[in-house]
Structure formats: C-alpha cells, structure tokens
>>> print(open('structure30.cif').read())   # mmCIF, C-alpha atoms and all ligand atoms
data_upload
loop_
_atom_site.group_PDB
_atom_site.id
_atom_site.type_symbol
_atom_site.label_atom_id
_atom_site.label_comp_id
_atom_site.auth_asym_id
_atom_site.auth_seq_id
_atom_site.Cartn_x
_atom_site.Cartn_y
_atom_site.Cartn_z
ATOM 1 C CA MET A 1 -68.746 80.565 33.615
ATOM 2 C CA ALA A 2 -70.627 77.639 32.118
ATOM 3 C CA ILE A 3 -68.932 76.136 29.075
ATOM 4 C CA LEU A 4 -72.357 75.629 27.496
ATOM 5 C CA ALA A 5 -75.666 77.268 28.292
ATOM 6 C CA ALA A 6 -79.078 77.422 26.675
ATOM 7 C CA GLN A 7 -82.238 79.378 27.296
ATOM 8 C CA ARG A 8 -85.635 78.860 25.676
ATOM 9 C CA LEU A 9 -83.855 76.904 22.982
ATOM 10 C CA ASN A 10 -86.049 75.376 20.324
ATOM 11 C CA LYS A 11 -85.446 73.521 17.099
ATOM 12 C CA ARG A 12 -87.950 72.803 14.374
ATOM 13 C CA TYR A 13 -87.832 71.092 11.016
ATOM 14 C CA GLY A 14 -90.692 72.664 9.077
ATOM 15 C CA ASP A 15 -93.845 72.004 11.101
ATOM 16 C CA ASN A 16 -92.087 69.476 13.293
ATOM 17 C CA LEU A 17 -91.158 71.108 16.587
ATOM 18 C CA VAL A 18 -88.405 68.758 17.773
ATOM 19 C CA LEU A 19 -86.980 70.564 20.811
ATOM 20 C CA ASP A 20 -88.891 73.142 22.796
ATOM 21 C CA ASN A 21 -87.930 75.462 25.616
ATOM 22 C CA VAL A 22 -84.676 73.708 26.529
ATOM 23 C CA ALA A 23 -82.605 75.415 29.224
ATOM 24 C CA PHE A 24 -79.423 74.333 30.992
ATOM 25 C CA GLU A 25 -75.971 75.299 32.153
ATOM 26 C CA VAL A 26 -73.101 72.844 31.951
ATOM 27 C CA GLU A 27 -69.715 73.398 33.568
ATOM 28 C CA GLU A 28 -66.423 72.362 32.033
ATOM 29 C CA GLY A 29 -65.563 68.750 32.874
ATOM 30 C CA GLU A 30 -69.114 67.471 33.381
ATOM 31 C CA PHE A 31 -70.105 64.128 31.844
ATOM 32 C CA VAL A 32 -73.743 64.450 30.781
ATOM 33 C CA THR A 33 -75.588 61.328 29.691
ATOM 34 C CA LEU A 34 -78.763 61.742 27.612
ATOM 35 C CA VAL A 35 -81.642 59.302 27.375
ATOM 36 C CA GLY A 36 -85.133 59.559 25.934
ATOM 37 C CA PRO A 37 -87.612 57.970 23.539
ATOM 38 C CA SER A 38 -86.598 57.287 19.969
ATOM 39 C CA GLY A 39 -87.144 60.323 17.764
ATOM 40 C CA CYS A 40 -87.342 62.827 20.622
ATOM 41 C CA GLY A 41 -84.398 64.857 19.352
ATOM 42 C CA LYS A 42 -81.283 63.594 21.135
ATOM 43 C CA SER A 43 -79.156 63.373 17.989
ATOM 44 C CA THR A 44 -80.564 66.706 16.844
ATOM 45 C CA PHE A 45 -79.458 68.213 20.139
ATOM 46 C CA LEU A 46 -75.900 66.928 19.632
ATOM 47 C CA LYS A 47 -75.923 68.354 16.094
ATOM 48 C CA LEU A 48 -76.824 71.769 17.522
ATOM 49 C CA LEU A 49 -73.859 71.527 19.898
ATOM 50 C CA LEU A 50 -71.609 70.447 17.042
ATOM 51 C CA GLY A 51 -72.827 73.327 14.898
ATOM 52 C CA ILE A 52 -73.950 71.271 11.896
ATOM 53 C CA GLU A 53 -77.571 72.250 12.612
ATOM 54 C CA SER A 54 -78.693 75.661 13.774
ATOM 55 C CA ILE A 55 -81.194 76.519 16.481
ATOM 56 C CA SER A 56 -84.614 77.877 15.497
ATOM 57 C CA GLY A 57 -85.098 80.043 18.563
ATOM 58 C CA GLY A 58 -83.719 80.936 21.989
ATOM 59 C CA THR A 59 -80.027 80.893 22.785
ATOM 60 C CA LEU A 60 -77.247 78.334 22.804
ATOM 61 C CA LYS A 61 -73.922 79.624 24.053
ATOM 62 C CA LEU A 62 -70.407 78.244 24.174
ATOM 63 C CA ASP A 63 -68.211 80.222 26.596
ATOM 64 C CA GLY A 64 -70.906 82.876 26.690
ATOM 65 C CA ARG A 65 -70.974 83.378 22.927
ATOM 66 C CA SER A 66 -73.489 82.069 20.403
ATOM 67 C CA ILE A 67 -72.306 78.724 19.138
ATOM 68 C CA PRO A 68 -70.735 78.990 15.669
ATOM 69 C CA ASN A 69 -72.805 77.573 12.830
ATOM 70 C CA GLU A 70 -70.057 75.168 11.874
ATOM 71 C CA PRO A 71 -68.039 72.443 13.526
ATOM 72 C CA GLY A 72 -64.810 73.549 15.179
ATOM 73 C CA PRO A 73 -61.808 71.726 16.605
ATOM 74 C CA ASP A 74 -63.157 72.467 20.088
ATOM 75 C CA ARG A 75 -66.030 70.016 19.482
ATOM 76 C CA GLY A 76 -65.575 66.396 18.396
ATOM 77 C CA ILE A 77 -68.216 63.753 17.752
ATOM 78 C CA VAL A 78 -68.398 59.970 17.695
ATOM 79 C CA PHE A 79 -71.455 58.420 16.061
ATOM 80 C CA GLN A 80 -72.772 54.917 16.618
ATOM 81 C CA LYS A 81 -71.386 53.947 13.264
ATOM 82 C CA TYR A 82 -68.516 56.107 12.220
ATOM 83 C CA SER A 83 -67.633 56.968 8.666
ATOM 84 C CA VAL A 84 -64.059 55.913 8.188
ATOM 85 C CA PHE A 85 -62.304 55.934 4.860
ATOM 86 C CA SER A 86 -61.921 52.343 3.789
ATOM 87 C CA HIS A 87 -58.942 53.089 1.532
ATOM 88 C CA LEU A 88 -56.983 54.736 4.351
ATOM 89 C CA THR A 89 -55.189 52.861 7.104
ATOM 90 C CA VAL A 90 -55.990 53.348 10.768
ATOM 91 C CA LEU A 91 -53.159 55.877 11.023
ATOM 92 C CA GLY A 92 -54.225 57.506 7.754
ATOM 93 C CA ASN A 93 -57.776 57.959 8.998
ATOM 94 C CA VAL A 94 -56.690 59.709 12.173
ATOM 95 C CA MET A 95 -54.145 61.861 10.324
ATOM 96 C CA PHE A 96 -56.829 62.843 7.843
ATOM 97 C CA HIS A 97 -58.946 64.168 10.706
ATOM 98 C CA GLY A 98 -55.972 66.069 12.077
ATOM 99 C CA ASP A 99 -55.441 67.524 8.624
ATOM 100 C CA LEU A 100 -59.067 68.654 8.499
ATOM 101 C CA ALA A 101 -58.864 70.230 11.923
ATOM 102 C CA ALA A 102 -55.802 72.260 10.941
ATOM 103 C CA SER A 103 -56.535 72.862 7.277
ATOM 104 C CA LYS A 104 -58.903 75.774 7.759
ATOM 105 C CA LEU A 105 -56.014 77.930 8.859
ATOM 106 C CA LEU A 106 -52.960 76.317 7.428
ATOM 107 C CA GLY A 107 -53.843 74.053 4.550
ATOM 108 C CA LYS A 108 -52.736 70.452 4.239
ATOM 109 C CA ALA A 109 -49.894 69.427 6.477
ATOM 110 C CA PHE A 110 -46.457 69.017 4.959
ATOM 111 C CA GLY A 111 -42.925 68.472 6.253
ATOM 112 C CA LYS A 112 -42.469 69.254 9.911
ATOM 113 C CA ARG A 113 -46.162 69.726 10.529
ATOM 114 C CA ARG A 114 -46.908 66.417 8.892
ATOM 115 C CA ARG A 115 -44.401 64.660 11.142
ATOM 116 C CA ALA A 116 -45.975 66.329 14.182
ATOM 117 C CA LEU A 117 -49.399 65.241 12.970
ATOM 118 C CA ARG A 118 -48.163 61.669 12.506
ATOM 119 C CA GLU A 119 -46.823 61.680 16.060
ATOM 120 C CA ALA A 120 -50.060 63.103 17.473
ATOM 121 C CA ALA A 121 -52.142 60.562 15.532
ATOM 122 C CA THR A 122 -49.944 57.706 16.707
ATOM 123 C CA ALA A 123 -50.250 58.938 20.294
ATOM 124 C CA ALA A 124 -54.041 59.183 20.018
ATOM 125 C CA LEU A 125 -54.201 55.648 18.634
ATOM 126 C CA GLU A 126 -51.926 54.336 21.377
ATOM 127 C CA GLU A 127 -54.199 55.980 23.948
ATOM 128 C CA VAL A 128 -57.180 54.020 22.694
ATOM 129 C CA GLY A 129 -55.202 50.787 22.452
ATOM 130 C CA LEU A 130 -54.712 50.697 18.689
ATOM 131 C CA GLY A 131 -50.961 51.198 18.716
ATOM 132 C CA ALA A 132 -50.423 47.788 17.131
ATOM 133 C CA ALA A 133 -53.000 48.372 14.377
ATOM 134 C CA LEU A 134 -51.659 51.559 12.779
ATOM 135 C CA ASN A 135 -51.266 50.026 9.329
ATOM 136 C CA LYS A 136 -54.427 47.967 9.269
ATOM 137 C CA TYR A 137 -57.407 48.927 7.138
ATOM 138 C CA PRO A 138 -60.848 49.518 8.696
ATOM 139 C CA HIS A 139 -62.302 46.248 7.339
ATOM 140 C CA GLU A 140 -59.624 44.375 9.260
ATOM 141 C CA LEU A 141 -60.864 45.793 12.589
ATOM 142 C CA SER A 142 -63.467 44.420 15.007
ATOM 143 C CA GLY A 143 -66.477 46.572 15.957
ATOM 144 C CA GLY A 144 -64.829 47.627 19.208
ATOM 145 C CA MET A 145 -61.618 48.522 17.396
ATOM 146 C CA GLN A 146 -63.572 50.591 14.860
ATOM 147 C CA GLN A 147 -65.227 52.542 17.673
ATOM 148 C CA ARG A 148 -61.824 53.088 19.250
ATOM 149 C CA LEU A 149 -60.612 54.377 15.892
ATOM 150 C CA ALA A 150 -63.599 56.755 15.834
ATOM 151 C CA ILE A 151 -62.717 57.972 19.330
ATOM 152 C CA ALA A 152 -59.080 58.528 18.308
ATOM 153 C CA GLN A 153 -60.331 60.520 15.311
ATOM 154 C CA ALA A 154 -62.380 62.723 17.613
ATOM 155 C CA LEU A 155 -59.514 63.097 20.105
ATOM 156 C CA ILE A 156 -56.809 64.126 17.634
ATOM 157 C CA ALA A 157 -58.085 67.715 17.552
ATOM 158 C CA LYS A 158 -58.012 67.783 21.377
ATOM 159 C CA PRO A 159 -61.635 68.904 21.652
ATOM 160 C CA ARG A 160 -62.916 70.546 24.829
ATOM 161 C CA ILE A 161 -66.315 68.997 24.212
ATOM 162 C CA LEU A 162 -66.784 65.401 23.138
ATOM 163 C CA LEU A 163 -70.173 64.385 21.740
ATOM 164 C CA LEU A 164 -70.975 60.678 21.759
ATOM 165 C CA ASP A 165 -74.124 59.475 19.979
ATOM 166 C CA GLU A 166 -74.826 55.915 21.119
ATOM 167 C CA PRO A 167 -71.155 55.120 20.527
ATOM 168 C CA PHE A 168 -71.269 51.642 22.029
ATOM 169 C CA GLY A 169 -74.763 50.560 20.982
ATOM 170 C CA ALA A 170 -73.546 48.005 18.471
ATOM 171 C CA LEU A 171 -70.924 46.382 20.692
ATOM 172 C CA ASP A 172 -70.976 43.148 22.699
ATOM 173 C CA PRO A 173 -71.431 43.586 26.469
ATOM 174 C CA GLY A 174 -67.839 42.544 27.258
ATOM 175 C CA ILE A 175 -66.372 45.004 24.785
ATOM 176 C CA ARG A 176 -68.740 47.700 26.025
ATOM 177 C CA LYS A 177 -67.221 47.326 29.485
ATOM 178 C CA ASP A 178 -63.746 47.883 28.012
ATOM 179 C CA MET A 179 -65.027 50.956 26.157
ATOM 180 C CA HIS A 180 -66.583 52.313 29.357
ATOM 181 C CA ALA A 181 -63.215 52.037 31.079
ATOM 182 C CA LEU A 182 -61.531 53.715 28.103
ATOM 183 C CA ILE A 183 -63.935 56.633 27.879
ATOM 184 C CA THR A 184 -63.858 57.171 31.667
ATOM 185 C CA ARG A 185 -60.055 57.249 31.613
ATOM 186 C CA LEU A 186 -59.944 59.671 28.659
ATOM 187 C CA TRP A 187 -62.514 61.899 30.339
ATOM 188 C CA GLN A 188 -60.577 61.958 33.621
ATOM 189 C CA GLU A 189 -57.200 62.522 31.972
ATOM 190 C CA ALA A 190 -58.224 65.095 29.360
ATOM 191 C CA GLY A 191 -60.707 67.026 31.517
ATOM 192 C CA VAL A 192 -62.990 67.109 28.486
ATOM 193 C CA THR A 193 -66.718 67.874 28.783
ATOM 194 C CA ILE A 194 -68.771 64.952 27.486
ATOM 195 C CA PHE A 195 -72.349 64.616 26.206
ATOM 196 C CA MET A 196 -73.258 60.998 25.557
ATOM 197 C CA VAL A 197 -76.559 59.706 24.175
ATOM 198 C CA THR A 198 -77.371 56.147 25.162
ATOM 199 C CA HIS A 199 -80.462 53.944 25.227
ATOM 200 C CA ASP A 200 -78.965 51.982 28.122
ATOM 201 C CA LEU A 201 -80.075 53.533 31.416
ATOM 202 C CA GLN A 202 -77.515 51.539 33.384
ATOM 203 C CA GLU A 203 -74.744 52.856 31.125
ATOM 204 C CA ALA A 204 -76.099 56.391 31.590
ATOM 205 C CA PHE A 205 -75.983 56.031 35.376
ATOM 206 C CA ASP A 206 -72.579 54.344 35.439
ATOM 207 C CA LEU A 207 -70.698 56.774 33.207
ATOM 208 C CA GLY A 208 -72.258 60.180 33.755
ATOM 209 C CA THR A 209 -71.942 62.819 36.425
ATOM 210 C CA ARG A 210 -75.320 64.147 35.322
ATOM 211 C CA LEU A 211 -78.252 62.521 33.557
ATOM 212 C CA TRP A 212 -80.758 64.262 31.318
ATOM 213 C CA VAL A 213 -84.011 62.684 30.246
ATOM 214 C CA PHE A 214 -85.391 64.218 27.060
ATOM 215 C CA ASP A 215 -89.109 63.843 26.514
ATOM 216 C CA LYS A 216 -92.199 65.716 25.419
ATOM 217 C CA LYS A 217 -94.129 67.321 28.232
ATOM 218 C CA ARG A 218 -97.285 67.293 26.146
ATOM 219 C CA HIS A 219 -98.480 64.857 23.522
ATOM 220 C CA ASP A 220 -101.287 65.440 21.063
ATOM 221 C CA PRO A 221 -102.086 62.249 19.140
ATOM 222 C CA GLN A 222 -103.843 64.418 16.523
ATOM 223 C CA ALA A 223 -100.757 66.562 16.053
ATOM 224 C CA PRO A 224 -97.682 64.560 17.063
ATOM 225 C CA ASP A 225 -95.326 67.247 15.740
ATOM 226 C CA ALA A 226 -96.927 70.138 17.607
ATOM 227 C CA TYR A 227 -94.964 69.770 20.840
ATOM 228 C CA GLY A 228 -91.231 69.427 21.212
ATOM 229 C CA ALA A 229 -89.112 67.596 23.745
ATOM 230 C CA THR A 230 -87.268 69.228 26.578
ATOM 231 C CA ILE A 231 -85.135 68.117 29.521
ATOM 232 C CA THR A 232 -87.749 66.558 31.793
ATOM 233 C CA TYR A 233 -85.294 65.248 34.392
ATOM 234 C CA ASP A 234 -81.874 66.658 35.255
ATOM 235 C CA ILE A 235 -80.298 64.308 37.798
ATOM 236 C CA ALA A 236 -76.942 64.791 39.514
ATOM 237 C CA LEU A 237 -75.227 61.406 39.594
ATOM 238 C CA ASP A 238 -73.375 61.728 42.850
ATOM 239 C CA LYS A 239 -71.329 58.524 43.089
ATOM 240 C CA THR A 240 -70.311 58.960 46.734
ATOM 241 C CA GLY A 241 -72.106 56.815 49.285
ATOM 242 C CA ASP A 242 -73.443 53.298 48.849
ATOM 243 C CA GLY A 243 -75.273 53.970 45.580
ATOM 244 C CA GLU A 244 -78.654 53.059 47.050
ATOM 245 C CA HIS A 245 -80.158 56.437 46.248
ATOM 246 C CA LEU A 246 -79.018 56.216 42.628
ATOM 247 C CA ARG A 247 -80.248 52.635 42.337
ATOM 248 C CA ARG A 248 -83.704 53.716 43.463
ATOM 249 C CA THR A 249 -83.721 56.693 41.123
ATOM 250 C CA ARG A 250 -82.752 54.431 38.246
ATOM 251 C CA GLU A 251 -85.501 51.952 39.037
ATOM 252 C CA ALA A 252 -88.098 54.697 39.310
ATOM 253 C CA LEU A 253 -87.008 56.139 35.975
ATOM 254 C CA ASN A 254 -86.921 52.727 34.403
ATOM 255 C CA SER A 255 -90.493 51.941 35.347
ATOM 256 C CA SER A 256 -91.797 55.388 34.452
ATOM 257 C CA MET A 257 -90.187 55.149 31.042
ATOM 258 C CA SER A 258 -90.702 51.505 30.181
ATOM 259 C CA GLY A 259 -93.166 50.243 27.636
ATOM 260 C CA GLY A 260 -90.894 50.808 24.681
ATOM 261 C CA ARG A 261 -90.841 54.549 24.994
ATOM 262 C CA PHE A 262 -87.149 54.528 25.777
ATOM 263 C CA ALA A 263 -84.797 54.818 22.860
HETATM 264 N N1 LIG B 301 -82.443 66.701 8.829
HETATM 265 C C1 LIG B 301 -83.700 66.528 9.265
HETATM 266 N N2 LIG B 301 -84.749 67.010 8.544
HETATM 267 C C2 LIG B 301 -86.010 66.884 8.991
HETATM 268 N N3 LIG B 301 -86.349 66.256 10.129
HETATM 269 C C3 LIG B 301 -85.362 65.750 10.877
HETATM 270 C C4 LIG B 301 -83.985 65.845 10.483
HETATM 271 N N4 LIG B 301 -83.229 65.254 11.431
HETATM 272 C C5 LIG B 301 -84.083 64.792 12.366
HETATM 273 N N5 LIG B 301 -85.363 65.086 12.040
HETATM 274 C C6 LIG B 301 -86.549 64.781 12.855
HETATM 275 O O1 LIG B 301 -86.305 65.254 14.147
HETATM 276 C C7 LIG B 301 -86.835 64.356 15.118
HETATM 277 C C8 LIG B 301 -85.759 63.962 16.089
HETATM 278 O O2 LIG B 301 -84.799 63.148 15.436
HETATM 279 P P1 LIG B 301 -83.473 62.684 16.177
HETATM 280 O O3 LIG B 301 -82.687 61.897 15.207
HETATM 281 O O4 LIG B 301 -82.828 63.838 16.828
HETATM 282 O O5 LIG B 301 -84.068 61.734 17.313
HETATM 283 P P2 LIG B 301 -83.305 60.815 18.376
HETATM 284 O O6 LIG B 301 -83.807 61.192 19.717
HETATM 285 O O7 LIG B 301 -81.838 60.886 18.157
HETATM 286 O O8 LIG B 301 -83.852 59.351 18.007
HETATM 287 P P3 LIG B 301 -83.115 57.915 18.094
HETATM 288 O O9 LIG B 301 -83.100 57.548 19.568
HETATM 289 O O10 LIG B 301 -84.014 57.017 17.335
HETATM 290 O O11 LIG B 301 -81.739 58.041 17.522
HETATM 291 C C9 LIG B 301 -87.464 63.215 14.336
HETATM 292 O O12 LIG B 301 -88.841 63.475 14.227
HETATM 293 C C10 LIG B 301 -86.798 63.291 12.988
HETATM 294 O O13 LIG B 301 -87.648 62.835 11.992
HETATM 295 MG MG MG B 302 -80.386 59.494 17.568
#
>>> encode(input="structure30.cif", output="structure tokens", more="lines below")
Ligand SMILES: Nc1ncnc2c1ncn2[C@@H]1O[C@H](COP(=O)(O)OP(=O)(O)OP(=O)(O)O)[C@@H](O)[C@H]1O
Ligand SMILES: [Mg+2]
Amino acid sequence: MAILAAQRLNKRYGDNLVLDNVAFEVEEGEFVTLVGPSGCGKSTFLKLLLGIESISGGTLKLDGRSIPNEPGPDRGIVFQKYSVFSHLTVLGNVMFHGDLAASKLLGKAFGKRRRALREAATAALEEVGLGAALNKYPHELSGGMQQRLAIAQALIAKPRILLLDEPFGALDPGIRKDMHALITRLWQEAGVTIFMVTHDLQEAFDLGTRLWVFDKKRHDPQAPDAYGATITYDIALDKTGDGEHLRRTREALNSSMSGGRFA
C-alpha cells in the first residue's frame, strides 16, 4: 500500500484556492523533489503532510487513513531556516526535540529515559557530523552546521517521512554538495520517505527518485486566486543508463519554466 495518497485534494485560504485537484500515490522509500513557481503552494503542501494545516477538500491518506490534524513523530520537517533555541546547546536542542516527540505519552524524560535520549541525540548528531560540536551554542555554528543540526532534530524521532522545505537554499555551493551527500546517505540508510522542495532544478534531478512540478493549469489575470496549483509533471528519475534522457528532460523543463516563474 502507498504510504501517502491523495485524491481530488484541495486547499484554500479564504478565497485563495492554493492547491486544486491534487492526486498521487507515493510508496515508502521514495525521494520526491518538488519544484514550482514562488507562491504556488509547495510549503502549504508540506504543511498538509505534516498535519499543521488541514485540507479543504478531497482526501489525503497516510497508510490508508486520513492524515491526523497534528504533527506526529512519524513525520519530521526541516525548514530553510530552522528555529533552534539559542540558549540551548547543540545537544540540548536535539534532546529537546526528542523530549517533545515522547512527551505526549510519557511526559518529560527523566532518569533512564533521559540517558537513553541523550545517547540517541548524540548518535543523531554524530550521524550528521556534529559529534564534536555537542556543547556549542547555535550562534557558534556555520550555516551548514545549523542545517545539519536541524536535520538531526528531525531525525531524532526516527520519522518515516522527512519533509525538507528548501533546506539548503541559503548554503554555499560547496557546502550544499556535502549536504546532498549527507541527505542521500541518511535516506539510503534509514529507508525514510522524503519530500524535498527546492528551487534548484539540478538539485531536484540529482537527489530525487521522482520529481513533481507544481503549477496552475489555468491562470486568470483578473482573478489570480481563482485557480489552484496541481502536480503538472510527475517524472520518474530513473538514474540507470547514461543520464542523457534525464538531461534532456531537465533542459526541456528548464526552458518551459524559465522567465522567473520558477521558485
Ligand atoms: N497561513 C496562511 N494564510 C493565508 N494564506 C496563506 C497562508 N500560508 C500560505 N498562504 C498563501 O498560500 C499561497 C501558497 O503559499 P506557499 O508558501 O505554500 O507557497 P510556496 O510555493 O511555498 O512559495 P515559495 O516558493 O515562495 O516558498 C500563497 O498565495 C500564500 O499567500
Ligand atoms: Mg515555500
């Protein structure tokens, strides 16, 4: 069964129809990259998956059941700029997230559970290469290190679905490459299902197993809010072969979506 599936999904804010008639099925372990013009609803879509926004119509199902209207430990998110607590250390930030993930059932962690949490947080930080920075404070970290901290925060709850909203947009190209390697390794090792929004088409092609282009099928200049965006292209990124087919697809997409309409 698909881990996530939608039919005739739509989302509106008042008169603004943001997403319209979205349908898909995603299997566990897929790495879906999302691109589309600024304001077309990509972040909104991730918020629906996370459960911090609710759908206005249609269906959105996780494991065949309507997605809960609240975040759960099965879904983690990394934003472009992550909110870390400046008064907590790197380790403290990740432990705090672990606390939150567990607290619904068990309350704040003490004693044995706290030691287990500390070990899990340390392991998550070592995985993302921050093992030597456990006691640093966020302002002492570079941009790339802060994003790695954000990823460790999302990983501590061992989510089945990882949502990444332009996570590397603010990073230098060299550091982005390191982050690509990191996220690919985590994806392969953890078998997690990933949805990643990016404005970088090359990044979308390189990292994903499947690319979605979100866009409006109809535009009315008189009523810009009247039509919502949907998945206009759903492209399997089959990496076997010489890559020529994918290169051509990318170029075709790039030219059809240039002119500043790409986010
Ligand atoms: N909480 C909200 N209340 C009302 N309107 C909202 C809210 N959040 C988003 N919107 C509207 O929904 C539309 C889609 O916004 P969203 O942030 O999802 O776009 P996006 O594709 O992520 O854009 P970008 O690439 O610039 O990040 C916009 O018109 C925005 O104004
Ligand atoms: Mg966005």
>>> atom_distance(input="structure30.cif", atom1="CA of Gly58 (chain A)", atom2="CA of Asp20 (chain A)")
9.4 Å
>>> closest_atom_pairs(input="structure30.cif", of="chain A", to="ligand MG 302 (chain B)", cutoff="10 Å", atoms="all atoms listed in the file", output="tab-separated table")
residue	atom	partner	partner_atom	distance
A:Val35	CA	B:MG302	MG	9.9
A:Gly36	CA	B:MG302	MG	9.6
A:Pro37	CA	B:MG302	MG	9.5
A:Ser38	CA	B:MG302	MG	7.0
A:Gly39	CA	B:MG302	MG	6.8
A:Cys40	CA	B:MG302	MG	8.3
A:Gly41	CA	B:MG302	MG	6.9
A:Lys42	CA	B:MG302	MG	5.5
A:Ser43	CA	B:MG302	MG	4.1
A:Thr44	CA	B:MG302	MG	7.3
A:Phe45	CA	B:MG302	MG	9.1
A:Leu46	CA	B:MG302	MG	8.9
A:Phe79	CA	B:MG302	MG	9.1
A:Gln80	CA	B:MG302	MG	8.9
A:Asp165	CA	B:MG302	MG	6.7
A:Glu166	CA	B:MG302	MG	7.5
A:Val197	CA	B:MG302	MG	7.6
A:Thr198	CA	B:MG302	MG	8.8
A:His199	CA	B:MG302	MG	9.5
A:Ala263	CA	B:MG302	MG	8.3
>>> write_last_selection(input="structure30.cif", atoms="C-alpha atoms", output="CSV table (one decimal), in the frame of the given file")
chain,number,residue,atom,x,y,z
A,35,VAL,CA,-81.6,59.3,27.4
A,36,GLY,CA,-85.1,59.6,25.9
A,37,PRO,CA,-87.6,58.0,23.5
A,38,SER,CA,-86.6,57.3,20.0
A,39,GLY,CA,-87.1,60.3,17.8
A,40,CYS,CA,-87.3,62.8,20.6
A,41,GLY,CA,-84.4,64.9,19.4
A,42,LYS,CA,-81.3,63.6,21.1
A,43,SER,CA,-79.2,63.4,18.0
A,44,THR,CA,-80.6,66.7,16.8
A,45,PHE,CA,-79.5,68.2,20.1
A,46,LEU,CA,-75.9,66.9,19.6
A,79,PHE,CA,-71.5,58.4,16.1
A,80,GLN,CA,-72.8,54.9,16.6
A,165,ASP,CA,-74.1,59.5,20.0
A,166,GLU,CA,-74.8,55.9,21.1
A,197,VAL,CA,-76.6,59.7,24.2
A,198,THR,CA,-77.4,56.1,25.2
A,199,HIS,CA,-80.5,53.9,25.2
A,263,ALA,CA,-84.8,54.8,22.9
>>> atom_distance(input="structure30.cif", atom1="CA of Phe214 (chain A)", atom2="atom O2 of ligand LIG 301 (chain B)")
11.7 Å
>>> axis_aligned_box(input="structure30.cif", around="ligand LIG 301 (chain B)", padding_each_side="4 Å", output="lines of an AutoDock Vina configuration file")
center_x = -85.3
center_y = 62.0
center_z = 14.1
size_x = 15.1
size_y = 18.0
size_z = 19.2
>>> residues_around(input="structure30.cif", residues="Phe195 (chain A)", least_positions_apart="4", cutoff="7 Å", atoms="only C-alpha atoms", output="VMD selection string")
chain A and resid 31 to 33 162 to 164
>>> closest_residue(input="structure30.cif", among="A:Ala121, A:Leu49, A:Ile55, A:Leu88", to="Lys158 (chain A)", atoms="only C-alpha atoms")
A:Ala121
>>> closest_residue(input="structure30.cif", among="A:Leu253, A:Leu117, A:Leu141, A:Ile231", to="Ala6 (chain A)", atoms="all atoms listed in the file")
A:Ile231
>>> closest_residue(input="structure30.cif", among="A:Leu149, A:Leu134, A:Ile52, A:Leu237", to="ligand LIG 301 (chain B)", atoms="only C-alpha atoms and all ligand atoms")
A:Ile52
